[in-house]
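J.: This is the content of input05.txt (compact mmCIF, C-alpha atoms):
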```
# COMPACT_ATOMS: atom_id res chain seq x y z
CA MET A 7 27.54 -30.26 -6.62
CA LYS A 8 27.56 -30.33 -2.82
CA GLU A 9 26.61 -33.64 -1.23
CA SER A 10 23.71 -32.15 0.74
CA HIS A 11 22.31 -30.59 -2.45
CA LEU A 12 22.68 -33.92 -4.25
CA VAL A 13 20.77 -35.73 -1.52
CA PHE A 14 18.06 -33.06 -1.67
CA THR A 15 17.83 -33.46 -5.48
CA TRP A 16 17.46 -37.24 -5.21
CA ARG A 17 14.82 -36.90 -2.53
CA MET A 18 12.86 -34.48 -4.70
CA ILE A 19 13.04 -36.85 -7.70
CA VAL A 20 11.84 -39.81 -5.61
CA LEU A 21 9.08 -37.68 -4.11
CA ALA A 22 8.01 -36.56 -7.60
CA PHE A 23 7.68 -40.20 -8.61
CA PHE A 24 5.38 -40.98 -5.70
CA LEU A 25 3.44 -37.71 -5.97
CA PRO A 26 0.57 -38.91 -8.27
CA PRO A 27 -0.53 -41.91 -6.11
CA LEU A 28 -0.16 -39.78 -2.97
CA LEU A 29 -2.33 -37.09 -4.58
CA ILE A 30 -4.99 -39.66 -5.45
CA LEU A 31 -4.98 -40.85 -1.84
CA ALA A 32 -5.32 -37.23 -0.68
CA VAL A 33 -8.23 -36.63 -3.07
CA GLU A 34 -9.92 -39.87 -1.94
CA MET A 35 -9.48 -38.94 1.72
CA THR A 36 -10.76 -35.41 1.15
CA PHE A 37 -13.89 -36.33 -0.80
CA PHE A 38 -14.81 -39.74 0.62
CA GLY A 39 -13.11 -39.72 4.03
CA GLU A 40 -11.70 -43.22 3.42
CA PHE A 41 -9.62 -45.21 0.95
CA LYS A 42 -12.41 -46.61 -1.19
CA GLY A 43 -11.72 -49.69 -3.23
CA ILE A 44 -8.66 -50.84 -1.27
CA ASP A 45 -9.00 -54.40 -0.05
CA SER A 46 -5.75 -55.07 1.82
CA SER A 47 -5.94 -58.87 1.54
CA VAL A 48 -6.54 -58.79 -2.23
CA SER A 49 -3.79 -56.17 -2.68
CA PHE A 50 -1.39 -58.25 -0.59
CA THR A 51 -2.18 -61.33 -2.68
CA ARG A 52 -1.41 -59.40 -5.87
CA PHE A 53 1.77 -57.96 -4.33
CA ALA A 54 2.99 -61.40 -3.24
CA ASN A 55 2.20 -63.01 -6.59
CA ALA A 56 3.88 -60.16 -8.49
CA THR A 57 6.98 -60.37 -6.26
CA LEU A 58 7.35 -64.13 -6.70
CA THR A 59 6.75 -64.00 -10.46
CA ALA A 60 9.04 -61.01 -11.02
CA PHE A 61 11.80 -62.66 -8.97
CA THR A 62 11.54 -65.93 -10.94
CA LEU A 63 11.29 -64.35 -14.41
CA CYS A 64 13.98 -61.76 -13.72
CA SER A 65 16.32 -64.47 -12.33
CA PHE A 66 15.68 -66.51 -15.46
CA PHE A 67 16.56 -63.50 -17.62
CA LEU A 68 19.73 -62.82 -15.59
CA LEU A 69 20.65 -66.51 -15.85
CA GLY A 70 20.75 -65.97 -19.63
CA ASN A 71 23.04 -62.98 -19.09
CA LEU A 72 25.48 -65.17 -17.16
CA PHE A 73 26.35 -66.95 -20.42
CA PHE A 74 27.71 -63.64 -21.76
CA TYR A 75 29.53 -63.02 -18.48
CA GLY A 76 31.02 -66.52 -18.76
CA GLU A 77 32.55 -65.73 -22.15
CA SER A 78 35.20 -63.56 -20.50
CA ARG A 79 35.85 -66.04 -17.66
CA ASN A 80 36.45 -69.41 -19.42
CA ARG A 81 32.82 -70.39 -18.80
CA PRO A 82 32.88 -71.03 -15.05
CA LEU A 83 30.16 -73.30 -13.70
CA ALA A 84 29.94 -71.89 -10.16
CA PRO A 85 27.92 -68.68 -10.87
CA LEU A 86 25.76 -70.53 -13.37
CA VAL A 87 24.88 -73.14 -10.75
CA GLY A 88 24.29 -70.36 -8.20
CA MET A 89 21.87 -68.51 -10.45
CA CYS A 90 20.15 -71.78 -11.46
CA MET A 91 19.60 -72.42 -7.77
CA ALA A 92 18.19 -68.91 -7.30
CA THR A 93 15.79 -69.41 -10.22
CA GLY A 94 14.82 -72.85 -8.94
CA LEU A 95 14.26 -71.36 -5.49
CA GLY A 96 11.92 -68.79 -7.08
CA VAL A 97 9.93 -71.52 -8.83
CA LEU A 98 9.77 -73.67 -5.68
CA ALA A 99 8.76 -70.71 -3.50
CA THR A 100 6.02 -69.78 -5.98
CA VAL A 101 4.64 -73.33 -6.07
CA PHE A 102 4.96 -73.70 -2.29
CA PHE A 103 3.24 -70.45 -1.36
CA ILE A 104 0.47 -70.79 -3.93
CA GLY A 105 -0.09 -74.37 -2.77
CA GLN A 106 -0.62 -73.26 0.85
CA GLY A 107 -4.31 -72.64 0.27
CA PRO A 108 -6.55 -69.91 -1.02
CA MET A 109 -4.27 -67.10 0.26
CA LEU A 110 -2.43 -66.60 -3.06
CA LEU A 111 -5.03 -68.09 -5.39
CA GLU A 112 -6.73 -65.22 -7.20
CA GLY A 113 -9.86 -67.03 -8.24
CA ASN A 114 -7.86 -69.79 -9.93
CA GLY A 115 -8.62 -73.38 -9.05
CA SER A 116 -5.12 -74.84 -9.04
CA VAL A 117 -1.46 -74.01 -8.46
CA GLN A 118 -0.73 -74.52 -12.15
CA GLY A 119 -3.59 -72.24 -13.17
CA GLN A 120 -2.43 -69.50 -10.78
CA ALA A 121 1.21 -69.81 -11.92
CA ILE A 122 0.20 -69.45 -15.59
CA TYR A 123 -2.10 -66.54 -14.72
CA ASN A 124 0.81 -64.88 -12.86
CA ILE A 125 3.09 -65.17 -15.90
CA VAL A 126 0.47 -63.81 -18.32
CA HIS A 127 -0.40 -61.05 -15.84
CA MET A 128 3.30 -60.16 -15.67
CA PHE A 129 3.49 -59.90 -19.47
CA VAL A 130 0.54 -57.50 -19.53
CA SER A 131 1.92 -55.40 -16.65
CA SER A 132 5.35 -55.32 -18.31
CA GLY A 133 3.72 -54.18 -21.54
CA ALA A 134 1.97 -51.33 -19.70
CA ILE A 135 5.21 -50.40 -17.90
CA PHE A 136 7.13 -50.46 -21.21
CA MET A 137 4.49 -48.29 -22.86
CA ALA A 138 4.49 -45.77 -19.98
CA ALA A 139 8.30 -45.60 -20.06
CA CYS A 140 8.21 -45.04 -23.85
CA VAL A 141 5.72 -42.18 -23.46
CA ALA A 142 7.58 -40.50 -20.59
CA LEU A 143 11.04 -40.81 -22.16
CA GLY A 144 9.76 -40.02 -25.66
CA VAL A 145 7.93 -36.87 -24.57
CA THR A 146 10.99 -35.76 -22.54
CA PHE A 147 13.16 -36.20 -25.62
CA SER A 148 10.57 -34.42 -27.81
CA ALA A 149 10.42 -31.53 -25.35
CA ILE A 150 14.21 -31.17 -25.41
CA THR A 151 14.53 -31.39 -29.21
CA SER A 152 11.64 -28.99 -29.79
CA GLN A 153 13.58 -26.10 -28.22
CA LYS A 154 15.90 -23.82 -30.16
CA GLN A 155 19.37 -25.23 -30.72
CA ARG A 156 21.79 -24.24 -28.02
CA SER A 157 25.41 -23.40 -28.51
CA SER A 158 27.77 -25.49 -26.41
CA PHE A 159 30.37 -22.76 -26.24
CA GLU A 160 30.07 -19.14 -25.36
CA LEU A 161 31.78 -16.94 -27.94
CA GLU A 162 34.77 -15.22 -26.42
CA GLU A 163 34.59 -11.48 -26.48
CA GLU A 164 37.52 -10.00 -28.22
CA MET Q 26 -8.95 -75.02 -42.44
CA ASN Q 27 -11.72 -75.35 -39.91
CA ILE Q 28 -10.22 -74.14 -36.62
CA ARG Q 29 -12.98 -75.64 -34.48
CA ASP Q 30 -12.48 -79.15 -35.84
CA PHE Q 31 -8.73 -78.87 -35.49
CA SER Q 32 -9.00 -77.68 -31.91
CA ARG Q 33 -11.39 -80.46 -30.91
CA ASP Q 34 -8.89 -83.12 -31.92
CA MET Q 35 -6.13 -81.83 -29.67
CA ASP Q 36 -5.68 -81.86 -25.94
CA GLU Q 37 -6.43 -78.37 -24.54
CA MET Q 38 -3.07 -78.10 -22.77
CA LEU Q 39 -1.15 -79.13 -25.86
CA GLN Q 40 -3.22 -76.78 -27.96
CA ALA Q 41 -2.42 -73.85 -25.63
CA PHE Q 42 1.26 -74.84 -25.65
CA LEU Q 43 1.47 -75.02 -29.44
CA LEU Q 44 -0.72 -72.08 -30.38
CA PHE Q 45 -0.10 -69.66 -27.51
CA TRP Q 46 3.08 -70.37 -25.53
CA ILE Q 47 5.33 -71.23 -28.49
CA PRO Q 48 4.28 -68.00 -30.33
CA VAL Q 49 4.88 -66.08 -27.07
CA SER Q 50 8.41 -67.49 -26.84
CA MET Q 51 8.98 -66.68 -30.54
CA VAL Q 52 8.88 -62.94 -29.76
CA PRO Q 53 11.93 -62.71 -27.42
CA LEU Q 54 13.72 -65.42 -29.42
CA GLY Q 55 13.18 -63.47 -32.64
CA LEU Q 56 14.37 -60.23 -31.03
CA TRP Q 57 17.47 -61.97 -29.67
CA TYR Q 58 18.11 -63.61 -33.04
CA SER Q 59 17.73 -60.27 -34.85
CA LEU Q 60 20.31 -58.68 -32.55
CA THR Q 61 22.87 -61.49 -32.74
CA SER Q 62 22.80 -63.19 -36.15
CA SER Q 63 20.16 -62.52 -38.80
CA PRO Q 64 18.10 -59.30 -38.41
CA LEU Q 65 15.59 -60.15 -41.15
CA ARG Q 66 14.85 -63.71 -39.96
CA GLY Q 67 14.73 -62.58 -36.34
CA ARG Q 68 12.24 -59.80 -37.09
CA PHE Q 69 10.11 -62.20 -39.13
CA LEU Q 70 10.11 -64.69 -36.25
CA ALA Q 71 9.12 -62.00 -33.73
CA PHE Q 72 6.45 -60.59 -36.06
CA SER Q 73 5.00 -64.08 -36.68
CA GLY Q 74 4.93 -64.64 -32.91
CA ILE Q 75 3.01 -61.40 -32.33
CA VAL Q 76 0.50 -62.23 -35.09
CA LEU Q 77 -0.06 -65.77 -33.72
CA VAL Q 78 -0.49 -64.42 -30.15
CA CYS Q 79 -3.05 -61.89 -31.44
CA LEU Q 80 -4.90 -64.72 -33.22
CA SER Q 81 -4.81 -67.00 -30.15
CA PRO Q 82 -8.36 -66.10 -28.90
CA TRP Q 83 -9.61 -67.70 -32.12
CA THR Q 84 -7.07 -70.52 -32.39
CA VAL Q 85 -7.17 -71.53 -28.68
CA PRO Q 86 -10.54 -70.28 -27.42
CA SER Q 87 -10.50 -72.72 -24.49
CA SER Q 88 -7.42 -71.18 -22.83
CA PRO Q 89 -8.02 -68.21 -20.48
CA SER Q 90 -4.45 -67.00 -21.12
CA THR Q 91 -5.39 -66.01 -24.67
CA ALA Q 92 -7.26 -63.02 -23.22
CA ALA Q 93 -3.77 -61.43 -23.14
CA GLY Q 94 -3.46 -62.08 -26.90
CA HIS Q 95 -6.86 -60.46 -27.37
CA LEU Q 96 -5.72 -57.41 -25.39
CA LEU Q 97 -2.51 -57.21 -27.41
CA GLY Q 98 -4.55 -57.16 -30.61
CA ALA Q 99 -6.80 -54.45 -29.16
CA VAL Q 100 -4.10 -52.07 -27.87
CA ILE Q 101 -1.35 -52.60 -30.45
CA GLY Q 102 -2.97 -50.06 -32.82
CA PRO Q 103 -3.19 -47.08 -30.44
CA CYS Q 104 0.16 -47.94 -28.82
CA MET Q 105 1.93 -48.00 -32.19
CA LEU Q 106 0.26 -44.69 -33.12
CA ILE Q 107 1.54 -43.12 -29.88
CA ILE Q 108 5.08 -44.50 -30.27
CA ILE Q 109 5.40 -43.55 -33.97
CA GLY Q 110 3.85 -40.14 -33.23
CA ILE Q 111 6.35 -39.42 -30.46
CA TYR Q 112 9.18 -40.63 -32.72
CA LEU Q 113 8.10 -38.23 -35.49
CA VAL Q 114 7.80 -35.31 -33.04
CA SER Q 115 11.21 -36.06 -31.50
CA PHE Q 116 13.17 -36.42 -34.71
CA SER Q 117 11.58 -33.47 -36.51
CA GLY Q 118 13.09 -31.17 -33.90
CA ASN Q 119 16.68 -30.06 -33.36
CA VAL Q 120 18.56 -33.33 -33.62
CA PRO Q 121 22.07 -33.61 -35.04
CA VAL Q 122 21.43 -36.89 -36.90
CA GLY Q 123 18.42 -38.56 -38.55
CA LYS Q 124 16.49 -35.30 -38.77
CA LEU Q 125 12.98 -35.60 -40.26
CA PRO Q 126 11.13 -32.85 -42.18
CA ARG Q 127 9.49 -30.14 -40.03
CA SER Q 128 6.05 -31.13 -41.40
CA ASP Q 129 6.33 -34.52 -39.64
CA ARG Q 130 5.91 -32.73 -36.35
CA LYS Q 131 2.21 -32.03 -36.96
CA ILE Q 132 1.63 -35.58 -38.20
CA GLY Q 133 3.37 -36.91 -35.09
CA VAL Q 134 1.27 -34.81 -32.72
CA LEU Q 135 -1.87 -35.91 -34.57
CA MET Q 136 -0.89 -39.60 -34.43
CA ALA Q 137 -0.05 -39.50 -30.70
CA GLY Q 138 -3.29 -37.60 -30.02
CA VAL Q 139 -5.38 -40.12 -31.97
CA GLY Q 140 -3.64 -42.96 -30.07
CA PHE Q 141 -4.54 -41.44 -26.70
CA VAL Q 142 -8.14 -40.73 -27.78
CA TRP Q 143 -8.41 -44.33 -29.02
CA LEU Q 144 -7.24 -45.66 -25.62
CA ALA Q 145 -9.61 -43.28 -23.81
CA GLY Q 146 -12.38 -44.54 -26.12
CA MET Q 147 -11.74 -48.02 -24.73
CA HIS Q 148 -12.74 -46.73 -21.29
CA TRP Q 149 -15.54 -44.31 -22.07
CA TRP Q 150 -16.84 -45.39 -25.45
CA ILE Q 151 -17.72 -48.56 -27.35
CA LEU Q 152 -14.10 -49.56 -28.01
CA THR Q 153 -13.59 -51.52 -24.74
CA PRO Q 154 -11.83 -54.85 -25.43
CA GLN Q 155 -14.52 -57.51 -24.93
CA LEU Q 156 -14.03 -61.27 -25.09
CA SER Q 157 -17.76 -61.76 -25.53
CA PRO Q 158 -20.60 -59.18 -25.57
CA ASN Q 159 -20.54 -57.15 -22.33
CA GLU Q 160 -17.63 -59.17 -20.91
CA VAL Q 161 -14.63 -56.85 -20.54
CA ASN Q 162 -11.21 -58.43 -21.09
CA VAL Q 163 -9.78 -58.86 -17.56
CA TYR Q 164 -6.32 -57.78 -18.68
CA TRP Q 165 -7.67 -54.40 -19.79
CA TYR Q 166 -8.13 -53.67 -16.08
CA VAL Q 167 -4.43 -54.44 -15.61
CA PHE Q 168 -3.08 -52.51 -18.57
CA TRP Q 169 -5.03 -49.26 -18.40
CA PRO Q 170 -4.54 -48.19 -14.73
CA THR Q 171 -0.88 -49.33 -14.76
CA PHE Q 172 -0.17 -47.35 -17.92
CA LEU Q 173 -1.90 -44.17 -16.71
CA LEU Q 174 -0.45 -44.20 -13.22
CA LEU Q 175 3.11 -44.97 -14.31
CA THR Q 176 2.98 -42.37 -17.11
CA SER Q 177 1.95 -39.79 -14.54
CA CYS Q 178 4.67 -40.89 -12.07
CA LEU Q 179 7.49 -41.05 -14.65
CA SER Q 180 6.51 -37.73 -16.26
CA SER Q 181 6.44 -36.03 -12.89
CA CYS Q 182 9.83 -37.58 -12.08
CA SER Q 183 11.21 -36.44 -15.44
CA ALA Q 184 9.88 -32.90 -14.92
CA VAL Q 185 11.59 -32.56 -11.54
CA THR Q 186 14.81 -34.09 -12.93
CA LEU Q 187 14.86 -31.56 -15.79
CA LEU Q 188 14.22 -28.74 -13.34
CA MET Q 189 16.79 -29.73 -10.74
CA ILE Q 190 19.59 -31.33 -12.74
CA GLY Q 191 19.17 -29.74 -16.19
CA GLU Q 192 20.32 -26.21 -16.98
CA ARG Q 193 17.74 -23.76 -18.36
CA ARG Q 194 15.23 -26.58 -18.85
CA LYS Q 195 12.21 -24.86 -17.29
CA SER Q 196 10.05 -24.90 -20.42
CA GLU Q 197 10.81 -28.61 -21.05
CA SER Q 198 10.03 -29.31 -17.39
CA ASN Q 199 6.67 -27.51 -17.73
CA ILE Q 200 5.78 -29.74 -20.72
CA MET Q 201 6.49 -32.83 -18.61
CA PHE Q 202 4.40 -31.48 -15.73
CA LEU Q 203 1.58 -30.99 -18.26
CA VAL Q 204 1.88 -34.62 -19.45
CA SER Q 205 1.86 -35.80 -15.84
CA ALA Q 206 -1.19 -33.64 -15.06
CA PHE Q 207 -2.92 -34.90 -18.21
CA SER Q 208 -2.56 -38.59 -17.33
CA PHE Q 209 -3.43 -37.81 -13.70
CA THR Q 210 -6.62 -36.08 -14.87
CA ILE Q 211 -7.57 -39.10 -16.99
CA LEU Q 212 -7.00 -41.26 -13.89
CA LEU Q 213 -9.26 -39.03 -11.78
CA LEU Q 214 -11.91 -39.03 -14.52
CA GLY Q 215 -11.69 -42.83 -14.67
CA LEU Q 216 -12.27 -43.01 -10.92
CA ASN Q 217 -15.34 -40.80 -11.07
CA ILE Q 218 -17.00 -41.13 -14.49
CA ASP Q 219 -18.38 -44.49 -15.55
CA GLY Q 220 -17.97 -45.80 -19.07
CA PRO Q 221 -20.57 -48.02 -20.79
CA LEU Q 222 -18.81 -51.17 -19.50
CA VAL Q 223 -16.11 -49.96 -17.10
CA THR Q 224 -17.43 -48.44 -13.90
CA GLY Q 225 -15.51 -46.03 -11.68
CA GLU Q 226 -15.80 -48.44 -8.77
CA ARG Q 227 -14.19 -51.27 -10.75
CA PHE Q 228 -11.49 -48.95 -12.06
CA ARG Q 229 -10.69 -47.75 -8.51
CA GLU Q 230 -10.38 -51.34 -7.31
CA HIS Q 231 -7.98 -52.19 -10.13
CA LEU Q 232 -5.98 -48.99 -9.70
CA TRP Q 233 -4.88 -50.08 -6.22
CA LEU Q 234 -4.22 -53.58 -7.52
CA ALA Q 235 -2.00 -51.98 -10.17
CA VAL Q 236 -0.11 -50.14 -7.39
CA ALA Q 237 0.36 -53.46 -5.53
CA ASP Q 238 1.40 -55.11 -8.78
CA MET Q 239 4.04 -52.47 -9.59
CA ALA Q 240 5.38 -52.58 -6.03
CA GLY Q 241 5.61 -56.38 -6.29
CA ILE Q 242 7.38 -56.22 -9.66
CA ALA Q 243 9.87 -53.68 -8.28
CA ALA Q 244 10.50 -55.78 -5.15
CA GLY Q 245 10.90 -59.07 -7.06
CA SER Q 246 13.16 -57.58 -9.74
CA LEU Q 247 15.38 -55.81 -7.20
CA LEU Q 248 15.65 -59.00 -5.16
CA SER Q 249 16.72 -61.04 -8.18
CA ILE Q 250 19.27 -58.37 -9.20
CA PHE Q 251 20.61 -58.45 -5.63
CA VAL Q 252 20.92 -62.26 -5.77
CA PHE Q 253 22.64 -62.00 -9.18
CA ALA Q 254 25.14 -59.46 -7.83
CA LEU Q 255 25.71 -61.65 -4.75
CA VAL Q 256 26.40 -64.72 -6.92
CA ILE Q 257 28.94 -62.82 -9.06
CA TYR Q 258 30.54 -61.16 -6.01
CA THR Q 259 30.91 -64.49 -4.18
CA TYR Q 260 32.41 -66.16 -7.24
CA GLU Q 261 34.87 -63.33 -7.91
CA ARG Q 262 35.92 -63.18 -4.26
CA ASN Q 263 36.65 -66.90 -4.14
CA LEU Q 264 38.87 -66.80 -7.22
CA PRO Q 265 42.56 -67.51 -6.39
CA GLU Q 266 45.05 -64.69 -6.59
CA PRO Q 267 46.58 -64.48 -10.09
CA GLU Q 268 50.04 -66.02 -10.27
CA SER Q 269 52.84 -63.46 -10.08
CA ILE Q 270 55.38 -63.50 -12.84
CA THR Q 271 59.09 -62.80 -12.61
CA PRO Q 272 60.17 -59.18 -13.10
CA PRO Q 273 61.46 -58.27 -16.60
CA SER Q 274 65.14 -58.86 -17.28
CA ASP Q 275 67.57 -56.12 -18.33
CA SER Q 276 67.47 -57.16 -21.99
CA GLU Q 277 63.66 -57.13 -21.97
CA LEU Q 278 63.61 -53.67 -20.37
CA LYS Q 279 66.10 -52.44 -22.98
CA GLN Q 280 63.92 -53.83 -25.78
CA VAL Q 281 60.81 -52.15 -24.34
CA SER Q 282 62.54 -48.79 -23.97
CA MET Q 283 63.76 -49.00 -27.56
CA ARG Q 284 60.24 -49.78 -28.76
CA ILE Q 285 58.79 -46.87 -26.76
CA ALA Q 286 61.47 -44.49 -28.02
CA THR Q 287 60.56 -45.22 -31.65
CA HIS Q 288 56.92 -44.28 -30.95
CA LEU Q 289 57.51 -41.13 -28.90
CA GLY Q 290 57.88 -37.60 -30.13
CA GLY Q 291 56.36 -36.01 -33.21
CA GLU Q 292 56.98 -33.62 -36.02
CA GLU Q 293 57.83 -30.11 -34.93
CA GLU Q 294 55.53 -27.38 -36.15
```
Please re-express this file's structure in structure tokens.

T.:
Amino acid sequence: MKESHLVFTWRMIVLAFFLPPLLILAVEMTFFGEFKGIDSSVSFTRFANATLTAFTLCSFFLLGNLFFYGESRNRPLAPLVGMCMATGLGVLATVFFIGQGPMLLEGNGSVQGQAIYNIVHMFVSSGAIFMAACVALGVTFSAITSQKQRSSFELEEE
Amino acid sequence: MNIRDFSRDMDEMLQAFLLFWIPVSMVPLGLWYSLTSSPLRGRFLAFSGIVLVCLSPWTVPSSPSTAAGHLLGAVIGPCMLIIIGIYLVSFSGNVPVGKLPRSDRKIGVLMAGVGFVWLAGMHWWILTPQLSPNEVNVYWYVFWPTFLLLTSCLSSCSAVTLLMIGERRKSESNIMFLVSAFSFTILLLGLNIDGPLVTGERFREHLWLAVADMAGIAAGSLLSIFVFALVIYTYERNLPEPESITPPSDSELKQVSMRIATHLGGEEE
């Protein structure tokens, strides 16, 4: 495949992913003339909380993976300490930014309450993401297996 | 056992820790245990964790986090129906291994359909997850828009991938476009048609929060993967050069060539 064609293919795939939310925005703009329901400060708060929580939880998960990486490297301490620091940084950043005032508090009274809410929120979002991925991948697989069996080789004409 | 009496005796934080957070941690631990050492014990641990999390609104009513357990209990039925339905449809088709009877296809379609109708009934009918009468579970507003929007996005992405990378996959691509259009239509209906408890206005507000949430999850996860790669790269780069060994002697080379010679060649046809 030519490189330009490959770039075009990737662009189309990325565009296809963003098509549904862009279409909703277009429909909203066409019928209401504005983006109804979007409160930029509330959306930013959710974005920031999701970023901090995802960074911390994902770092924690990757920290666990470092143990398996260490098995083939005589259990080095340096990367483990590095990743521990990254996870700790995530926790500290979360506590620091939430503690700055009402900016990142989504109706929760304390830093601890907001941090716990963030983790539970992340579980629910991850569940929805997992379910959507299952449906999309499962239906793709179903669509492929529902077609007639294909032959991998063309029979040579004698 | 009287749950109310038991809960009154314990500190609320400790109660939430014992009856919600420990069961939550039992799920990944059980899955990990089932993959590494004992599958049966691991699955039992994970299953017990899920059951205890689903029961948490009754065992720890004081903790707001248990609303997630309530949601899990509410959506686990339709979600399992959808997943099992898709599994039956997939494996009753042309698969080389693990093929199921052709009749399972209809059952699978029916199960997946019932699952979707059940979820839709939570928006437009009386099935909405409620913590108390007329109080919608807050996490339902997180789950439902995220699921619908991402299903639409991923299906659309899959359709274009099948069309552009796959060979003669137009009919499969059309099916994926249909799935994407279906979930997109449900989204549009949710934005414009009120349910008995969920209004279009509230759904619209949470749809954009779901977009912000997904963008945040993507940004945070990518950042942590980048940091992980950076940590590994830095460590590997700082490793000393491996010590060079002396070249093989003549006797060693002779021994190696003899060994190779005994393993080369084959029987002539």

J.: Quick one: which residues from chain A are at most 6 Å off chain Q, using all atoms listed in the file, as a PyMOL selection string?

T.: chain A and resi 19+22-23+26+43+49+52-53+56-57+60-61+64-65+85+134+138+142+144+148-149+151-152

J.: May I have the residues at most 9 Å from (-2.6, -69.8, -4.1) in the file's coordinates, counting all atoms listed in the file, as a PyMOL selection string?

T.: chain A and resi 51+55+100-117+120-121

J.: Can you write out the residues you just picked, keeping C-alpha atoms, as a CSV table (one decimal), keeping the file's coordinate frame?

T.:
```csv
chain,number,residue,atom,x,y,z
A,51,THR,CA,-2.2,-61.3,-2.7
A,55,ASN,CA,2.2,-63.0,-6.6
A,100,THR,CA,6.0,-69.8,-6.0
A,101,VAL,CA,4.6,-73.3,-6.1
A,102,PHE,CA,5.0,-73.7,-2.3
A,103,PHE,CA,3.2,-70.4,-1.4
A,104,ILE,CA,0.5,-70.8,-3.9
A,105,GLY,CA,-0.1,-74.4,-2.8
A,106,GLN,CA,-0.6,-73.3,0.8
A,107,GLY,CA,-4.3,-72.6,0.3
A,108,PRO,CA,-6.6,-69.9,-1.0
A,109,MET,CA,-4.3,-67.1,0.3
A,110,LEU,CA,-2.4,-66.6,-3.1
A,111,LEU,CA,-5.0,-68.1,-5.4
A,112,GLU,CA,-6.7,-65.2,-7.2
A,113,GLY,CA,-9.9,-67.0,-8.2
A,114,ASN,CA,-7.9,-69.8,-9.9
A,115,GLY,CA,-8.6,-73.4,-9.0
A,116,SER,CA,-5.1,-74.8,-9.0
A,117,VAL,CA,-1.5,-74.0,-8.5
A,120,GLN,CA,-2.4,-69.5,-10.8
A,121,ALA,CA,1.2,-69.8,-11.9
```

J.: How many Å lie between CA of Asn217 in chain Q and CA of Val100 in chain Q, rounded to one decimal?

T.: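 CA of Val100 in chain Q lies 23.1 Å from CA of Asn217 in chain Q.
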
J.: In Å, rounded to a single decimal, give me how far CA of Ser73 in chain Q is from CA of Met38 in chain Q.

T.: 21.3 Å

J.: How many Å separate CA of Leu72 in chain A from CA of Ala92 in chain A?

T.: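 It comes out at 12.8 Å.
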
J.: Just need the box for range 100-109 of chain A, edges along x, y and z, holding every atom the file lists for it with 3 Å tacked onto each side, so centre and edge lengths in Å to one decimal, as JSON.

T.:
```
{"center_x": -0.3, "center_y": -70.7, "center_z": -2.6, "size_x": 18.6, "size_y": 13.3, "size_z": 12.9}
```

J.: Write out as a PDB file with C-alpha atoms, in the frame of the given file which residues come within 12 Å of Glu34 in chain A when counting only C-alpha atoms, dropping same-chain ones fewer than 3 positions away.

T.:
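And here's out-v5.pdb as it stands now:
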```
ATOM      1  CA  PRO A  27      -0.530 -41.910  -6.110  1.00  0.00           C
ATOM      2  CA  LEU A  28      -0.160 -39.780  -2.970  1.00  0.00           C
ATOM      3  CA  LEU A  29      -2.330 -37.090  -4.580  1.00  0.00           C
ATOM      4  CA  ILE A  30      -4.990 -39.660  -5.450  1.00  0.00           C
ATOM      5  CA  LEU A  31      -4.980 -40.850  -1.840  1.00  0.00           C
ATOM      6  CA  PHE A  37     -13.890 -36.330  -0.800  1.00  0.00           C
ATOM      7  CA  PHE A  38     -14.810 -39.740   0.620  1.00  0.00           C
ATOM      8  CA  GLY A  39     -13.110 -39.720   4.030  1.00  0.00           C
ATOM      9  CA  GLU A  40     -11.700 -43.220   3.420  1.00  0.00           C
ATOM     10  CA  PHE A  41      -9.620 -45.210   0.950  1.00  0.00           C
ATOM     11  CA  LYS A  42     -12.410 -46.610  -1.190  1.00  0.00           C
ATOM     12  CA  GLY A  43     -11.720 -49.690  -3.230  1.00  0.00           C
ATOM     13  CA  ILE A  44      -8.660 -50.840  -1.270  1.00  0.00           C
TER      14      ILE A  44
ATOM     15  CA  LEU Q 213      -9.260 -39.030 -11.780  1.00  0.00           C
ATOM     16  CA  LEU Q 216     -12.270 -43.010 -10.920  1.00  0.00           C
ATOM     17  CA  ASN Q 217     -15.340 -40.800 -11.070  1.00  0.00           C
ATOM     18  CA  ARG Q 229     -10.690 -47.750  -8.510  1.00  0.00           C
TER      19      ARG Q 229
END
```

J.: Missing atoms in range 56-61 of chain A should be modelled up to N, CA and C atoms and reported as a PDB file, in the coordinates of the input.

T.:
```pdb
ATOM      1  N   ALA A  56       3.016 -60.947  -7.579  1.00  0.00           N
ATOM      2  CA  ALA A  56       3.880 -60.160  -8.490  1.00  0.00           C
ATOM      3  C   ALA A  56       5.340 -60.280  -8.059  1.00  0.00           C
ATOM      4  N   THR A  57       5.596 -60.265  -6.752  1.00  0.00           N
ATOM      5  CA  THR A  57       6.980 -60.370  -6.260  1.00  0.00           C
ATOM      6  C   THR A  57       7.587 -61.713  -6.658  1.00  0.00           C
ATOM      7  N   LEU A  58       6.837 -62.789  -6.392  1.00  0.00           N
ATOM      8  CA  LEU A  58       7.350 -64.130  -6.700  1.00  0.00           C
ATOM      9  C   LEU A  58       7.591 -64.305  -8.202  1.00  0.00           C
ATOM     10  N   THR A  59       6.626 -63.839  -9.005  1.00  0.00           N
ATOM     11  CA  THR A  59       6.750 -64.000 -10.460  1.00  0.00           C
ATOM     12  C   THR A  59       7.894 -63.141 -11.000  1.00  0.00           C
ATOM     13  N   ALA A  60       7.970 -61.902 -10.526  1.00  0.00           N
ATOM     14  CA  ALA A  60       9.040 -61.010 -11.020  1.00  0.00           C
ATOM     15  C   ALA A  60      10.402 -61.569 -10.632  1.00  0.00           C
ATOM     16  N   PHE A  61      10.510 -62.091  -9.413  1.00  0.00           N
ATOM     17  CA  PHE A  61      11.800 -62.660  -8.970  1.00  0.00           C
ATOM     18  C   PHE A  61      12.191 -63.832  -9.885  1.00  0.00           C
TER      19      PHE A  61
END
```
